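Student: One structure, pasted below without further comment.
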Amino acid sequence: MAAPSLTASRPTPLPRATPVPRAPHSGLRLFFGIGALVAPILLLLGGGLAYALFHASPTIAPGVRVAGLEVGGVTLEQAAASLDALWNGERSLPLVDPPTGRAWDQPAATLGLTVDAQRSAANAHAVGRAGAVIEAAGQAVTSLQQGVDLDPVVLFN
């Protein structure tokens, strides 16, 4: 039998684990990849919500004018009252009697010429709301960017 040795032996080192190769910035790629998928969905949902709120709003789209009168941003009733006061109350037509050359102003309503303020305001309220959704949204954007001029509904009796 062999005698025990008092010399210390070194323990054999364990093999080192080799690191798994990783692609550089793989966490950022994942973050931006998910962001690229989620961002358009959030934009569509946000745009759809904004359009739904606008569509349900009682106010006329900003930038809408009826015969030069700015009615954007006011309610349908306010626009109708303003149109009625301006066109049916304050407007007068210049008249001239050719043989005598006499000129005077006559209220348009007394001559049978009036503006249907309710229908004119309803037409203004329909800007950005009537028709297909894409077409209506395009009208709303045009109204915001450039403004929209509408003719009043004129009645002659």
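Starting from 1 in every chain, residues are counted up; chains themselves are A, B, ... following the order of the structure tokens, and ligands are numbered from 1 as listed.
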As a PyMOL selection string, please: every residue in segment 5-140 of chain A that DSSP puts in strand (DSSP E or B).
Tutor: chain A and resi 59+64-66+69-70+75+92-97+102-107+113-115
Student: Near segment 84-95 of chain A, within 9 Å and counting only C-alpha atoms, which residues show up once chain neighbours fewer than 4 positions away are dropped, as a count of residues only?
Tutor: 17
Student: Atom CA of Val127 of chain A and atom CA of Ala52 of chain A, how far apart in Å?
Tutor: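 About the pair atom CA of Ala52 of chain A and atom CA of Val127 of chain A: they are 14.2 Å apart.
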Student: Show me, as a PyMOL selection string, the residues that have an atom within 8 Å of Leu144 of chain A when counting only C-alpha atoms, minus same-chain residues fewer than 3 positions from it.
Tutor: chain A and resi 61-63+140-141+147
Student: Find the distance between atom CA of Ala67 of chain A and atom CA of Tyr51 of chain A and write it in Å to one decimal.
Tutor: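 Separating atom CA of Ala67 of chain A from atom CA of Tyr51 of chain A is a distance of 26.3 Å.
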Student: Please report the interatomic distance between atom CA of Val64 of chain A and atom CA of Gln146 of chain A in Å with one decimal.
Tutor: 9.4 Å
